[in-house]
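Chemist: Data: protein.cif, mmCIF, C-alpha atoms.
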```cif
data_start
#
loop_
_atom_site.group_PDB
_atom_site.id
_atom_site.type_symbol
_atom_site.label_atom_id
_atom_site.label_comp_id
_atom_site.auth_asym_id
_atom_site.auth_seq_id
_atom_site.Cartn_x
_atom_site.Cartn_y
_atom_site.Cartn_z
ATOM 1 C CA MET A 28 -3.883 -18.843 7.671
ATOM 2 C CA PRO A 29 -7.267 -18.272 9.434
ATOM 3 C CA ARG A 30 -10.242 -17.522 7.180
ATOM 4 C CA ALA A 31 -10.681 -14.001 8.584
ATOM 5 C CA SER A 32 -7.039 -13.273 7.684
ATOM 6 C CA VAL A 33 -7.633 -14.569 4.163
ATOM 7 C CA TRP A 34 -10.573 -12.197 3.737
ATOM 8 C CA LEU A 35 -8.731 -9.237 5.269
ATOM 9 C CA ILE A 36 -5.642 -9.777 3.067
ATOM 10 C CA ARG A 37 -7.632 -10.437 -0.109
ATOM 11 C CA SER A 38 -9.767 -7.346 0.570
ATOM 12 C CA ALA A 39 -6.491 -5.421 1.001
ATOM 13 C CA LEU A 40 -5.351 -6.693 -2.417
ATOM 14 C CA VAL A 41 -8.660 -5.537 -3.948
ATOM 15 C CA CYS A 42 -8.191 -2.100 -2.350
ATOM 16 C CA LEU A 43 -4.600 -2.018 -3.692
ATOM 17 C CA ALA A 44 -5.850 -2.675 -7.225
ATOM 18 C CA LEU A 45 -8.697 -0.120 -6.895
ATOM 19 C CA GLY A 46 -6.465 2.498 -5.252
ATOM 20 C CA PHE A 47 -3.755 2.111 -7.907
ATOM 21 C CA THR A 48 -6.402 2.275 -10.661
ATOM 22 C CA LEU A 49 -7.774 5.541 -9.295
ATOM 23 C CA GLY A 50 -4.236 6.869 -8.837
ATOM 24 C CA ALA A 51 -3.292 5.906 -12.396
ATOM 25 C CA LEU A 52 -6.398 7.645 -13.764
ATOM 26 C CA MET A 53 -5.524 10.817 -11.843
ATOM 27 C CA LEU A 54 -1.858 10.736 -12.880
ATOM 28 C CA GLY A 55 -2.754 9.972 -16.492
ATOM 29 C CA GLY A 56 -5.259 12.839 -16.392
ATOM 30 C CA LYS A 57 -2.506 15.129 -15.126
ATOM 31 C CA GLY A 58 -0.371 14.019 -18.081
ATOM 32 C CA LEU A 59 -3.181 14.950 -20.458
ATOM 33 C CA GLY A 60 -3.716 18.292 -18.746
ATOM 34 C CA TRP A 61 -7.141 17.398 -17.288
ATOM 35 C CA THR A 62 -6.509 18.940 -13.896
ATOM 36 C CA ALA A 63 -9.889 20.480 -12.980
ATOM 37 C CA GLU A 64 -11.625 17.284 -11.802
ATOM 38 C CA LEU A 65 -8.619 15.500 -10.342
ATOM 39 C CA PRO A 66 -8.600 16.771 -6.720
ATOM 40 C CA ARG A 67 -12.122 15.380 -6.125
ATOM 41 C CA ALA A 68 -10.828 11.804 -6.374
ATOM 42 C CA ILE A 69 -7.892 12.288 -3.995
ATOM 43 C CA PRO A 70 -9.787 11.405 -0.734
ATOM 44 C CA ALA A 71 -11.056 8.120 -2.230
ATOM 45 C CA HIS A 72 -7.564 7.292 -3.546
ATOM 46 C CA VAL A 73 -5.963 7.964 -0.142
ATOM 47 C CA GLU A 74 -8.673 5.971 1.663
ATOM 48 C CA LEU A 75 -8.234 2.922 -0.597
ATOM 49 C CA VAL A 76 -4.451 2.949 -0.398
ATOM 50 C CA VAL A 77 -3.907 3.843 3.276
ATOM 51 C CA THR A 78 -6.871 2.254 5.093
ATOM 52 C CA GLY A 79 -7.946 -0.310 2.516
ATOM 53 C CA TRP A 80 -4.517 -1.554 1.508
ATOM 54 C CA MET A 81 -1.947 -0.850 4.213
ATOM 55 C CA ILE A 82 -3.955 -0.878 7.444
ATOM 56 C CA GLN A 83 -6.141 -3.799 6.342
ATOM 57 C CA LEU A 84 -3.100 -5.833 5.234
ATOM 58 C CA ALA A 85 -1.406 -5.200 8.586
ATOM 59 C CA MET A 86 -4.557 -6.362 10.405
ATOM 60 C CA GLY A 87 -4.835 -9.531 8.297
ATOM 61 C CA VAL A 88 -1.179 -10.454 8.759
ATOM 62 C CA ALA A 89 -1.287 -9.702 12.513
ATOM 63 C CA LEU A 90 -4.354 -11.913 12.947
ATOM 64 C CA TRP A 91 -2.434 -14.699 11.210
ATOM 65 C CA ILE A 92 1.035 -14.260 12.748
ATOM 66 C CA LEU A 93 0.437 -13.306 16.392
ATOM 67 C CA PRO A 94 0.694 -16.162 18.949
ATOM 68 C CA ARG A 95 -2.418 -18.361 18.949
ATOM 69 C CA PHE A 96 -2.572 -18.540 22.732
ATOM 70 C CA GLY A 97 -3.284 -15.526 24.870
ATOM 71 C CA VAL A 98 -2.170 -15.104 28.445
ATOM 72 C CA ARG A 99 -5.260 -17.049 29.597
ATOM 73 C CA GLY A 100 -5.278 -19.864 27.022
ATOM 74 C CA PRO A 101 -6.506 -20.115 23.402
ATOM 75 C CA ALA A 102 -7.427 -16.680 22.137
ATOM 76 C CA ARG A 103 -7.915 -17.043 18.395
ATOM 77 C CA ARG A 104 -11.622 -16.222 18.452
ATOM 78 C CA ALA A 105 -12.662 -15.736 14.851
ATOM 79 C CA ALA A 106 -15.697 -13.559 15.616
ATOM 80 C CA TRP A 107 -13.562 -10.476 16.386
ATOM 81 C CA GLY A 108 -11.669 -10.843 13.134
ATOM 82 C CA TRP A 109 -14.855 -11.190 11.088
ATOM 83 C CA LEU A 110 -16.438 -8.228 12.877
ATOM 84 C CA ALA A 111 -13.335 -6.128 12.174
ATOM 85 C CA TRP A 112 -13.359 -7.162 8.499
ATOM 86 C CA GLY A 113 -17.050 -6.318 8.035
ATOM 87 C CA LEU A 114 -16.891 -2.974 9.846
ATOM 88 C CA LEU A 115 -13.627 -1.891 8.217
ATOM 89 C CA ASN A 116 -14.759 -2.583 4.667
ATOM 90 C CA SER A 117 -18.174 -1.002 5.280
ATOM 91 C CA GLY A 118 -16.324 2.053 6.595
ATOM 92 C CA ILE A 119 -13.979 2.189 3.610
ATOM 93 C CA ALA A 120 -16.920 1.943 1.196
ATOM 94 C CA MET A 121 -18.743 4.774 3.025
ATOM 95 C CA VAL A 122 -15.690 7.067 3.010
ATOM 96 C CA VAL A 123 -15.068 6.374 -0.690
ATOM 97 C CA LEU A 124 -18.725 7.187 -1.427
ATOM 98 C CA GLY A 125 -18.455 10.484 0.460
ATOM 99 C CA GLN A 126 -20.020 9.508 3.803
ATOM 100 C CA ALA A 127 -16.885 10.301 5.780
ATOM 101 C CA PHE A 128 -18.395 10.616 9.288
ATOM 102 C CA ALA A 129 -20.335 7.326 9.247
ATOM 103 C CA GLY A 130 -17.393 5.649 7.523
ATOM 104 C CA ARG A 131 -14.891 6.786 10.126
ATOM 105 C CA LEU A 132 -17.211 5.585 12.927
ATOM 106 C CA CYS A 133 -17.328 2.129 11.308
ATOM 107 C CA GLU A 134 -13.551 2.130 10.931
ATOM 108 C CA LEU A 135 -13.097 3.101 14.582
ATOM 109 C CA ALA A 136 -15.413 0.253 15.642
ATOM 110 C CA ALA A 137 -13.436 -2.112 13.372
ATOM 111 C CA ILE A 138 -10.142 -1.148 14.966
ATOM 112 C CA LEU A 139 -11.621 -1.554 18.472
ATOM 113 C CA ALA A 140 -12.921 -5.026 17.556
ATOM 114 C CA PHE A 141 -9.556 -5.953 16.057
ATOM 115 C CA ALA A 142 -7.549 -4.606 19.014
ATOM 116 C CA GLY A 143 -9.885 -6.323 21.501
ATOM 117 C CA GLY A 144 -9.510 -9.595 19.626
ATOM 118 C CA VAL A 145 -5.727 -9.649 19.493
ATOM 119 C CA TRP A 146 -4.921 -7.869 22.775
ATOM 120 C CA SER A 147 -4.247 -10.973 24.873
ATOM 121 C CA ARG A 148 -2.226 -12.539 22.017
ATOM 122 C CA VAL A 149 0.386 -9.789 22.303
ATOM 123 C CA ARG A 150 2.542 -11.299 25.010
ATOM 124 C CA ALA A 151 6.032 -12.529 25.815
ATOM 125 C CA SER A 152 6.953 -15.931 24.429
ATOM 126 C CA GLY A 153 7.872 -19.011 26.497
ATOM 127 C CA LEU A 154 8.330 -18.602 30.211
ATOM 128 C CA SER A 155 9.675 -15.084 30.127
ATOM 129 C CA ALA A 156 8.537 -13.021 33.094
ATOM 130 C CA MET A 157 8.355 -9.997 30.786
ATOM 131 C CA MET B 30 15.259 -14.389 1.687
ATOM 132 C CA PRO B 31 14.880 -14.742 -2.137
ATOM 133 C CA PRO B 32 16.958 -12.369 -4.327
ATOM 134 C CA LEU B 33 13.884 -10.462 -5.534
ATOM 135 C CA SER B 34 12.811 -9.725 -1.933
ATOM 136 C CA ARG B 35 16.308 -8.421 -1.207
ATOM 137 C CA TRP B 36 16.023 -6.128 -4.237
ATOM 138 C CA TYR B 37 12.601 -4.915 -3.077
ATOM 139 C CA VAL B 38 13.732 -4.214 0.499
ATOM 140 C CA LYS B 39 17.006 -2.524 -0.461
ATOM 141 C CA THR B 40 15.274 -0.391 -3.100
ATOM 142 C CA ALA B 41 12.619 0.502 -0.505
ATOM 143 C CA LEU B 42 15.352 1.678 1.871
ATOM 144 C CA ILE B 43 16.867 3.863 -0.875
ATOM 145 C CA TYR B 44 13.432 5.430 -1.527
ATOM 146 C CA LEU B 45 12.978 6.074 2.194
ATOM 147 C CA VAL B 46 16.255 8.023 2.249
ATOM 148 C CA LEU B 47 15.333 9.887 -0.973
ATOM 149 C CA ALA B 48 11.830 10.729 0.285
ATOM 150 C CA LEU B 49 13.123 12.060 3.588
ATOM 151 C CA LEU B 50 15.919 13.988 1.831
ATOM 152 C CA LEU B 51 13.376 15.585 -0.489
ATOM 153 C CA GLY B 52 11.176 16.282 2.549
ATOM 154 C CA VAL B 53 14.076 18.125 4.205
ATOM 155 C CA LEU B 54 14.655 20.160 1.033
ATOM 156 C CA LEU B 55 10.946 21.024 0.720
ATOM 157 C CA ALA B 56 10.762 22.017 4.388
ATOM 158 C CA GLY B 57 13.858 24.147 3.808
ATOM 159 C CA GLY B 58 11.808 26.196 1.387
ATOM 160 C CA ALA B 59 10.689 28.246 4.373
ATOM 161 C CA LEU B 60 14.310 29.228 5.029
ATOM 162 C CA ALA B 61 15.798 29.521 1.553
ATOM 163 C CA ARG B 62 14.452 29.948 -1.949
ATOM 164 C CA LEU B 63 14.116 26.608 -3.749
ATOM 165 C CA PRO B 64 14.427 26.107 -7.499
ATOM 166 C CA PRO B 65 10.822 26.386 -8.770
ATOM 167 C CA VAL B 66 10.754 22.855 -10.196
ATOM 168 C CA LEU B 67 11.827 21.429 -6.822
ATOM 169 C CA ALA B 68 9.159 23.389 -4.961
ATOM 170 C CA LEU B 69 6.551 21.537 -7.073
ATOM 171 C CA ALA B 70 7.793 18.092 -5.996
ATOM 172 C CA GLY B 71 5.392 17.730 -3.014
ATOM 173 C CA PRO B 72 3.113 15.047 -4.553
ATOM 174 C CA ALA B 73 6.140 13.155 -5.897
ATOM 175 C CA GLN B 74 7.699 13.196 -2.410
ATOM 176 C CA ILE B 75 4.547 11.670 -0.862
ATOM 177 C CA HIS B 76 4.573 8.916 -3.485
ATOM 178 C CA LEU B 77 8.285 8.205 -3.042
ATOM 179 C CA PHE B 78 7.435 7.574 0.606
ATOM 180 C CA VAL B 79 4.118 5.682 0.268
ATOM 181 C CA VAL B 80 4.822 3.720 -2.930
ATOM 182 C CA GLY B 81 8.634 3.636 -3.007
ATOM 183 C CA TRP B 82 9.124 2.829 0.674
ATOM 184 C CA LEU B 83 5.942 1.419 2.279
ATOM 185 C CA THR B 84 4.308 -0.419 -0.630
ATOM 186 C CA GLN B 85 7.615 -1.684 -2.002
ATOM 187 C CA LEU B 86 8.664 -2.997 1.427
ATOM 188 C CA ILE B 87 5.315 -4.804 1.724
ATOM 189 C CA PHE B 88 5.705 -6.298 -1.775
ATOM 190 C CA GLY B 89 9.181 -7.596 -0.906
ATOM 191 C CA ILE B 90 8.226 -9.106 2.451
ATOM 192 C CA ALA B 91 4.950 -10.595 1.141
ATOM 193 C CA TYR B 92 6.793 -12.194 -1.808
ATOM 194 C CA TRP B 93 9.154 -13.794 0.701
ATOM 195 C CA MET B 94 6.828 -14.710 3.601
ATOM 196 C CA PHE B 95 3.372 -15.539 2.248
ATOM 197 C CA PRO B 96 2.352 -19.224 1.996
ATOM 198 C CA LYS B 97 3.794 -21.129 -0.958
ATOM 199 C CA ALA B 98 1.784 -21.164 -4.169
ATOM 200 C CA SER B 99 2.916 -24.700 -5.079
ATOM 201 C CA ALA B 100 5.842 -27.058 -4.537
ATOM 202 C CA GLU B 101 7.178 -26.401 -8.067
ATOM 203 C CA HIS B 102 6.695 -22.621 -8.004
ATOM 204 C CA PRO B 103 6.613 -21.622 -4.323
ATOM 205 C CA ARG B 104 6.331 -17.902 -5.087
ATOM 206 C CA GLY B 105 4.199 -18.128 -8.208
ATOM 207 C CA ASN B 106 5.332 -16.950 -11.631
ATOM 208 C CA ASP B 107 8.875 -15.550 -11.294
ATOM 209 C CA LEU B 108 8.654 -13.505 -14.492
ATOM 210 C CA THR B 109 5.495 -11.712 -13.272
ATOM 211 C CA ALA B 110 7.196 -10.952 -9.961
ATOM 212 C CA ILE B 111 10.314 -9.499 -11.649
ATOM 213 C CA LEU B 112 8.171 -7.510 -14.088
ATOM 214 C CA THR B 113 6.169 -6.094 -11.147
ATOM 215 C CA TYR B 114 9.391 -4.893 -9.507
ATOM 216 C CA VAL B 115 10.679 -3.305 -12.730
ATOM 217 C CA LEU B 116 7.347 -1.617 -13.582
ATOM 218 C CA LEU B 117 6.811 -0.268 -10.059
ATOM 219 C CA ASN B 118 10.234 1.354 -9.967
ATOM 220 C CA ALA B 119 10.333 2.575 -13.561
ATOM 221 C CA GLY B 120 6.845 4.060 -13.049
ATOM 222 C CA LEU B 121 7.816 5.739 -9.809
ATOM 223 C CA LEU B 122 10.993 7.253 -11.256
ATOM 224 C CA ALA B 123 9.037 8.502 -14.295
ATOM 225 C CA ARG B 124 6.602 10.156 -11.893
ATOM 226 C CA ALA B 125 9.358 11.700 -9.757
ATOM 227 C CA VAL B 126 10.754 13.381 -12.883
ATOM 228 C CA GLY B 127 7.557 13.979 -14.858
ATOM 229 C CA GLU B 128 5.234 15.394 -12.187
ATOM 230 C CA PRO B 129 7.243 18.471 -11.137
ATOM 231 C CA TRP B 130 8.292 18.956 -14.793
ATOM 232 C CA GLN B 131 4.651 18.925 -15.981
ATOM 233 C CA ALA B 132 3.620 21.314 -13.179
ATOM 234 C CA PHE B 133 6.496 23.696 -13.964
ATOM 235 C CA HIS B 134 6.440 23.580 -17.747
ATOM 236 C CA PRO B 135 3.466 21.583 -19.134
ATOM 237 C CA GLY B 136 4.133 19.902 -22.448
ATOM 238 C CA ALA B 137 3.897 16.752 -24.533
ATOM 239 C CA LEU B 138 7.075 15.152 -23.187
ATOM 240 C CA PRO B 139 6.366 15.421 -19.438
ATOM 241 C CA GLY B 140 2.729 14.554 -20.197
ATOM 242 C CA ALA B 141 3.798 11.363 -21.974
ATOM 243 C CA LEU B 142 6.122 10.562 -19.087
ATOM 244 C CA LEU B 143 3.184 10.835 -16.662
ATOM 245 C CA LEU B 144 0.976 8.644 -18.867
ATOM 246 C CA ALA B 145 3.726 6.015 -19.034
ATOM 247 C CA SER B 146 4.229 6.275 -15.274
ATOM 248 C CA ALA B 147 0.489 5.810 -14.628
ATOM 249 C CA ALA B 148 0.362 2.733 -16.868
ATOM 250 C CA MET B 149 3.473 1.156 -15.338
ATOM 251 C CA GLN B 150 2.456 1.716 -11.700
ATOM 252 C CA TRP B 151 -1.077 0.472 -12.403
ATOM 253 C CA ALA B 152 0.282 -2.692 -14.037
ATOM 254 C CA ALA B 153 2.633 -3.243 -11.086
ATOM 255 C CA GLY B 154 -0.144 -2.847 -8.477
ATOM 256 C CA VAL B 155 -2.662 -5.017 -10.286
ATOM 257 C CA GLY B 156 0.051 -7.531 -11.232
ATOM 258 C CA PHE B 157 1.143 -7.883 -7.606
ATOM 259 C CA ALA B 158 -2.464 -8.308 -6.407
ATOM 260 C CA ALA B 159 -3.152 -10.980 -9.052
ATOM 261 C CA ALA B 160 0.118 -12.838 -8.398
ATOM 262 C CA THR B 161 -0.335 -12.803 -4.609
ATOM 263 C CA TRP B 162 -4.039 -13.750 -4.601
ATOM 264 C CA PRO B 163 -3.567 -17.552 -4.882
ATOM 265 C CA ARG B 164 -0.968 -17.504 -2.084
ATOM 266 C CA VAL B 165 -3.529 -16.054 0.376
ATOM 267 C CA ARG B 166 -5.530 -19.072 1.450
ATOM 268 C CA GLY B 167 -6.783 -20.896 4.517
ATOM 269 C CA ARG B 168 -5.349 -24.060 6.004
#
```
Transcribe the structure of this file into structure tokens.
Modeler:
Amino acid sequence: MPRASVWLIRSALVCLALGFTLGALMLGGKGLGWTAELPRAIPAHVELVVTGWMIQLAMGVALWILPRFGVRGPARRAAWGWLAWGLLNSGIAMVVLGQAFAGRLCELAAILAFAGGVWSRVRASGLSAM
Amino acid sequence: MPPLSRWYVKTALIYLVLALLLGVLLAGGALARLPPVLALAGPAQIHLFVVGWLTQLIFGIAYWMFPKASAEHPRGNDLTAILTYVLLNAGLLARAVGEPWQAFHPGALPGALLLASAAMQWAAGVGFAAATWPRVRGR
């Protein structure tokens, strides 16, 4: 597994633990009848679980699993993966801390870096003309 | 595919059907009057989909496909993995029952059910992250 994948997947596991912790606090609070403050934590919970856990895990696994050779030779350039990891996690942190616009811009840049890095690795296998 | 992964994936498929069925019922609220307790099941429906289907499917596939932890215990501690599966599903079912119940008729019993659900789902999420961590490593 490439190092960038390790960092993406481990960061996803951290976001899973943080997202579930926040979710458990909100659900437990609902059980105790503390409902007034709960909705304020929902955006951070959703961000950690959807972007931090699911999207980041998918990116880490794709970086690991997709064919190592692109249509024009070796394409596993680590720099794109590292850039995507740094931008994505900066974006997640900003959104969680309430800086949604700057955070979303970082996340968009992360996805562009990731997509640019893996684009040529998404190809037919073997000698298939397709 | 190990037996626990098969349990995860099949349970995930059942939750997908349940979540979509509940989604159909909730959407039908615009056409027909729903029982009040069912109309309050919106958050539970989202979690049946995101936790019961998506997260559970990921847990099952990751348990099966991630690099081996060791030659003796390729998928780590089996007891932790089984406990994670049980806690995730018991917690989710407790939520599916307790959340609309607490919203409709708040009380000690649905409140306790939600507290138990929160504790079980938290333990499952953190337990999975801790158990999977050593299997995520470079060459």
Chemist: Residues of chain B within 10 Å of chain A, using all atoms listed in the file, as a PyMOL selection string?
Modeler: chain B and resi 79-80+83-84+87+91+95-96+124+127-128+131-132+135-159+161-168
Chemist: Selected residues, C-alpha atoms, written as a JSON list (two decimals), in the frame of the given file, please.
Modeler:
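Wrote again36.json, looks like this:
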```json
[["chain", "number", "residue", "atom", "x", "y", "z"],
["B", 79, "VAL", "CA", 4.12, 5.68, 0.27],
["B", 80, "VAL", "CA", 4.82, 3.72, -2.93],
["B", 83, "LEU", "CA", 5.94, 1.42, 2.28],
["B", 84, "THR", "CA", 4.31, -0.42, -0.63],
["B", 87, "ILE", "CA", 5.32, -4.80, 1.72],
["B", 91, "ALA", "CA", 4.95, -10.60, 1.14],
["B", 95, "PHE", "CA", 3.37, -15.54, 2.25],
["B", 96, "PRO", "CA", 2.35, -19.22, 2.00],
["B", 124, "ARG", "CA", 6.60, 10.16, -11.89],
["B", 127, "GLY", "CA", 7.56, 13.98, -14.86],
["B", 128, "GLU", "CA", 5.23, 15.39, -12.19],
["B", 131, "GLN", "CA", 4.65, 18.92, -15.98],
["B", 132, "ALA", "CA", 3.62, 21.31, -13.18],
["B", 135, "PRO", "CA", 3.47, 21.58, -19.13],
["B", 136, "GLY", "CA", 4.13, 19.90, -22.45],
["B", 137, "ALA", "CA", 3.90, 16.75, -24.53],
["B", 138, "LEU", "CA", 7.08, 15.15, -23.19],
["B", 139, "PRO", "CA", 6.37, 15.42, -19.44],
["B", 140, "GLY", "CA", 2.73, 14.55, -20.20],
["B", 141, "ALA", "CA", 3.80, 11.36, -21.97],
["B", 142, "LEU", "CA", 6.12, 10.56, -19.09],
["B", 143, "LEU", "CA", 3.18, 10.84, -16.66],
["B", 144, "LEU", "CA", 0.98, 8.64, -18.87],
["B", 145, "ALA", "CA", 3.73, 6.02, -19.03],
["B", 146, "SER", "CA", 4.23, 6.28, -15.27],
["B", 147, "ALA", "CA", 0.49, 5.81, -14.63],
["B", 148, "ALA", "CA", 0.36, 2.73, -16.87],
["B", 149, "MET", "CA", 3.47, 1.16, -15.34],
["B", 150, "GLN", "CA", 2.46, 1.72, -11.70],
["B", 151, "TRP", "CA", -1.08, 0.47, -12.40],
["B", 152, "ALA", "CA", 0.28, -2.69, -14.04],
["B", 153, "ALA", "CA", 2.63, -3.24, -11.09],
["B", 154, "GLY", "CA", -0.14, -2.85, -8.48],
["B", 155, "VAL", "CA", -2.66, -5.02, -10.29],
["B", 156, "GLY", "CA", 0.05, -7.53, -11.23],
["B", 157, "PHE", "CA", 1.14, -7.88, -7.61],
["B", 158, "ALA", "CA", -2.46, -8.31, -6.41],
["B", 159, "ALA", "CA", -3.15, -10.98, -9.05],
["B", 161, "THR", "CA", -0.34, -12.80, -4.61],
["B", 162, "TRP", "CA", -4.04, -13.75, -4.60],
["B", 163, "PRO", "CA", -3.57, -17.55, -4.88],
["B", 164, "ARG", "CA", -0.97, -17.50, -2.08],
["B", 165, "VAL", "CA", -3.53, -16.05, 0.38],
["B", 166, "ARG", "CA", -5.53, -19.07, 1.45],
["B", 167, "GLY", "CA", -6.78, -20.90, 4.52],
["B", 168, "ARG", "CA", -5.35, -24.06, 6.00]]
```
Chemist: Just how far from atom CA of B:Gln85 is atom CA of A:Glu134, in Å to one decimal?
Modeler: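 These atoms are spaced 25.1 Å apart.
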Chemist: Axis-aligned box over every listed atom of stretch 44-54 of chain A, padded by 8 Å per side: centre and edges in Å to one decimal, as JSON?
Modeler:
```
{"center_x": -5.3, "center_y": 4.1, "center_z": -9.5, "size_x": 22.8, "size_y": 29.5, "size_z": 24.5}
```
Chemist: Report, in Å with one decimal, the straight-line distance from atom CA of B:Phe133 to atom CA of B:Ala48.
Modeler: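 Straight-line distance from atom CA of B:Phe133 to atom CA of B:Ala48 works out to 20.0 Å.
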Chemist: Just the residues within 8 Å of B:Arg104, please, counting all atoms listed in the file, with nothing from its chain fewer than 4 positions along; format it as a PyMOL selection string.
Modeler: chain B and resi 92-93+97-99+164
Chemist: Residues as selected, C-alpha atoms, written as a PDB file, in the coordinates of the input, can you do that?
Modeler:
```pdb
ATOM      1  CA  TYR B  92       6.793 -12.194  -1.808  1.00  0.00           C
ATOM      2  CA  TRP B  93       9.154 -13.794   0.701  1.00  0.00           C
ATOM      3  CA  LYS B  97       3.794 -21.129  -0.958  1.00  0.00           C
ATOM      4  CA  ALA B  98       1.784 -21.164  -4.169  1.00  0.00           C
ATOM      5  CA  SER B  99       2.916 -24.700  -5.079  1.00  0.00           C
ATOM      6  CA  ARG B 164      -0.968 -17.504  -2.084  1.00  0.00           C
TER       7      ARG B 164
END
```
Chemist: Could you list the residues chosen by the PyMOL selection byres ((chain B and resi 68) around 12) in this structure as a list of chain:residue names?
Modeler: B:Leu51, B:Gly52, B:Val53, B:Leu54, B:Leu55, B:Ala56, B:Gly57, B:Gly58, B:Ala59, B:Ala61, B:Arg62, B:Leu63, B:Pro64, B:Pro65, B:Val66, B:Leu67, B:Leu69, B:Ala70, B:Gly71, B:Pro72, B:Ala73, B:Gln74, B:Glu128, B:Pro129, B:Trp130, B:Ala132, B:Phe133
Chemist: If you measure from atom CA of B:Arg35 to atom CA of B:Ala125, what distance in Å do you get, rounded to one decimal?
Modeler: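 Straight-line distance from atom CA of B:Arg35 to atom CA of B:Ala125 works out to 22.9 Å.
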Chemist: Selection in question (the file shown): the PyMOL selection byres ((chain A and resi 123) around 12). Which residues does it include, as a ChimeraX atom specification?
Modeler: /A:42,45-46,49,67-76,78-79,116-122,124-131
Chemist: Considering all atoms listed in the file, can you say which of A:Leu65, A:Leu132, A:Ala137, A:Ile92 comes closest to A:Leu114?
Modeler: A:Ala137
Chemist: Find the spatial neighbours of B:Gly81, counting all atoms listed in the file, within a cut-off of 8 Å - ignore same-chain residues fewer than 5 positions away - and output them as a ChimeraX atom specification.
Modeler: /B:40-41,44-45,76,86,118,121
Chemist: Output stretch 59-94 of chain A from the block with C-alpha atoms, as a CSV table (one decimal), in the first residue's frame?
Modeler:
```csv
chain,number,residue,atom,x,y,z
A,59,LEU,CA,-31.1,12.9,28.3
A,60,GLY,CA,-33.4,15.6,26.8
A,61,TRP,CA,-30.6,18.1,26.1
A,62,THR,CA,-31.9,19.1,22.7
A,63,ALA,CA,-31.2,22.9,22.6
A,64,GLU,CA,-27.5,22.7,21.7
A,65,LEU,CA,-27.6,19.6,19.6
A,66,PRO,CA,-28.3,21.0,16.1
A,67,ARG,CA,-25.1,23.1,16.2
A,68,ALA,CA,-22.9,20.1,16.1
A,69,ILE,CA,-24.7,18.4,13.1
A,70,PRO,CA,-22.6,20.1,10.3
A,71,ALA,CA,-19.3,19.0,12.0
A,72,HIS,CA,-20.7,15.4,12.5
A,73,VAL,CA,-21.8,15.2,8.8
A,74,GLU,CA,-18.5,16.6,7.6
A,75,LEU,CA,-16.4,14.1,9.6
A,76,VAL,CA,-18.5,11.1,8.6
A,77,VAL,CA,-19.2,11.9,4.9
A,78,THR,CA,-16.1,13.7,3.8
A,79,GLY,CA,-13.6,12.7,6.4
A,80,TRP,CA,-14.6,9.0,6.7
A,81,MET,CA,-16.3,7.8,3.5
A,82,ILE,CA,-14.9,10.1,0.8
A,83,GLN,CA,-11.3,10.0,2.2
A,84,LEU,CA,-11.4,6.2,2.6
A,85,ALA,CA,-12.6,5.8,-1.0
A,86,MET,CA,-9.7,8.1,-2.2
A,87,GLY,CA,-7.1,6.1,-0.1
A,88,VAL,CA,-8.3,2.7,-1.4
A,89,ALA,CA,-8.5,4.0,-5.0
A,90,LEU,CA,-5.0,5.3,-4.9
A,91,TRP,CA,-3.9,1.8,-3.6
A,92,ILE,CA,-6.0,-0.4,-5.9
A,93,LEU,CA,-6.1,1.3,-9.3
A,94,PRO,CA,-3.7,0.0,-11.9
```
